[in-house]
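Right, one structure below, let's go through it.
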Amino acid sequence: MSFFWTSSFFFFIIALVIRIIVSPFDKKLILLNLFSSFWASCYLWCIPTWKIEKQGMEKFSLKKNYIIISNHQSQIDILLAFNLFIPFRWVSKKAVFYLPFLGWNMVLNKYVGIKRGDKESIKKMMQQCEAILEQGCSLFFFPEGTRSKTGELKSFKPGAFILAKKMQVNILPVIMQGTREVLTKNSATFAWKKKMRVKVLDEISYKEFEDKSPGEAADMVHDFYVQNMEKN
């Protein structure tokens, strides 16, 4: 734990310097987003017995922005998402933004805070997400909402699909596998020797769901996930 806090302090200072330097000319904060990916990836790399296999990275383009979605089985999924080295913004609980170094870096990166159950907070969150997409940045969501205890894919909540429809943004699906075996829900014990896999699938064009309601779009993409997870 001391390694985490010491390294977080060090990385936060670098992130702060990057934010100050790049802000005038990097409005999307791409460099800072990518540094945050490096920061998070260091915690994966420091355990050499964790093997990470990535596929489909060529399907992402920096010239586009997406609603990036992924299945969610473990807290390790967050580190694995950063390890894609794709610039994006998160939506997270407001309380996390107050955490030293880690939360402060979320503020620097202009991630979006939300107070669950608060209608005004949800409304503001959606407005901020729309502004981020309008700016040409991508957003990352776990549409299941919470981690799956069994590994079985839970139903998708409609929030990400409301945004995708309103802003006419393509969806970039990501499948993560093996993370649940590394760190199960409500557990603090890691599996020290494990292979994890992350696969970027073909993007789903807005035109494929423009005539569907957000709920129908969520169900369509959920079925797409089930089919592709069975193949892997």
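Letters for chains follow the order of the structure tokens (A, B, ...), residue numbers begin at 1 for each chain, and ligand numbers begin at 1 in the order shown.
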Using 10 Å as the limit and counting only C-alpha atoms, can you tabulate each residue of range 130-155 of chain A that touches range 218-229 of chain A, with its shortest atom-to-atom distance in Å and the two atoms involved, as a Markdown table?
| residue | atom | partner | partner_atom | distance |
| --- | --- | --- | --- | --- |
| A:Pro143 | CA | A:Ala218 | CA | 8.5 |
| A:Glu144 | CA | A:His222 | CA | 9.6 |
| A:Glu152 | CA | A:Val226 | CA | 9.3 |
| A:Leu153 | CA | A:Val226 | CA | 7.4 |
| A:Lys154 | CA | A:His222 | CA | 8.6 |
| A:Ser155 | CA | A:His222 | CA | 7.0 |
DSSP-assigned strand (DSSP E) among range 45-117 of chain A, expressed as a list in words: Trp50, Lys51, Ile52, Glu53, Lys54, Gln55, Ile67, Ile68, Ile69, Ser70, Arg89, Trp90, Val91, Ser92, Lys93, Val112, Gly113 and Ile114 of chain A
Nearest to Lys110 in chain A: which of A:Leu172, A:Ile30, A:Ile13, A:Ala217 is it, counting only C-alpha atoms? A:Ile30
Which value, in Å to one decimal, gives the distance between CA of Phe209 in chain A and CA of Lys64 in chain A?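 For CA of Phe209 in chain A relative to CA of Lys64 in chain A, the distance reads 18.2 Å.
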Using only C-alpha atoms, the best pick from A:Gly113, A:Phe141, A:Gln168, A:Leu44 as closest to Gln128 in chain A would be A:Gly113
Counting only C-alpha atoms, which of A:Ala164, A:Val107, A:Val169, A:Met57 gets nearest to Leu201 in chain A?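 For Leu201 in chain A, the nearest of the candidates is A:Met57.
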Just asking: which residues within range 45-220 of chain A are alpha helix (DSSP H) according to DSSP, as a PyMOL selection string? chain A and resi 45+76-82+102-108+119-134+159-167+179-182+214-220
Excluding Gly215 in chain A and its own-chain neighbours fewer than 6 positions away, which residues fall within 8 Å of it when counting only C-alpha atoms? Please give them as a PyMOL selection string. chain A and resi 157-158+161
How about saving the chosen residues, N, CA and C atoms kept, as an mmCIF file, in the first residue's frame?
data_model
loop_
_atom_site.group_PDB
_atom_site.id
_atom_site.type_symbol
_atom_site.label_atom_id
_atom_site.label_comp_id
_atom_site.auth_asym_id
_atom_site.auth_seq_id
_atom_site.Cartn_x
_atom_site.Cartn_y
_atom_site.Cartn_z
ATOM 1 N N LYS A 157 -27.643 -0.974 -18.688
ATOM 2 C CA LYS A 157 -28.426 0.222 -18.372
ATOM 3 C C LYS A 157 -28.399 1.166 -19.580
ATOM 4 N N PRO A 158 -29.417 2.003 -19.745
ATOM 5 C CA PRO A 158 -29.553 2.761 -20.990
ATOM 6 C C PRO A 158 -28.728 4.047 -21.098
ATOM 7 N N PHE A 161 -26.379 4.629 -23.963
ATOM 8 C CA PHE A 161 -27.066 4.546 -25.249
ATOM 9 C C PHE A 161 -27.937 5.783 -25.489
#
Using only C-alpha atoms, find the one residue out of A:Ile20, A:Tyr43, A:Phe25, A:Phe60 that sits nearest to Met1 in chain A.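 Looking only at the distances to Met1 in chain A, the closest residue turns out to be A:Tyr43.
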Which is closest to Lys193 in chain A among A:Pro48, A:Gly159, A:Pro214, A:Gly117, if we use only C-alpha atoms?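 Going through A:Pro48, A:Gly159, A:Pro214, A:Gly117 one by one, the smallest distance to Lys193 in chain A is for A:Pro48.
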Please indicate the distance in Å from CA of Ser36 in chain A to CA of Cys129 in chain A, rounded to one decimal place.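 It comes out at 19.3 Å.
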Leu31 in chain A surroundings by only C-alpha atoms, 12 Å radius, close-in-sequence under 2 positions cut, as a list in words: Ile14, Ala15, Leu16, Val17, Ile18, Arg19, Ile20, Ile21, Val22, Ser23, Phe25, Asp26, Lys27, Lys28, Leu29, Asn33, Leu34, Phe35, Ser36, Ser37, Phe38, Phe85, Ile86, Pro87, Phe88, Leu108 and Asn109 of chain A
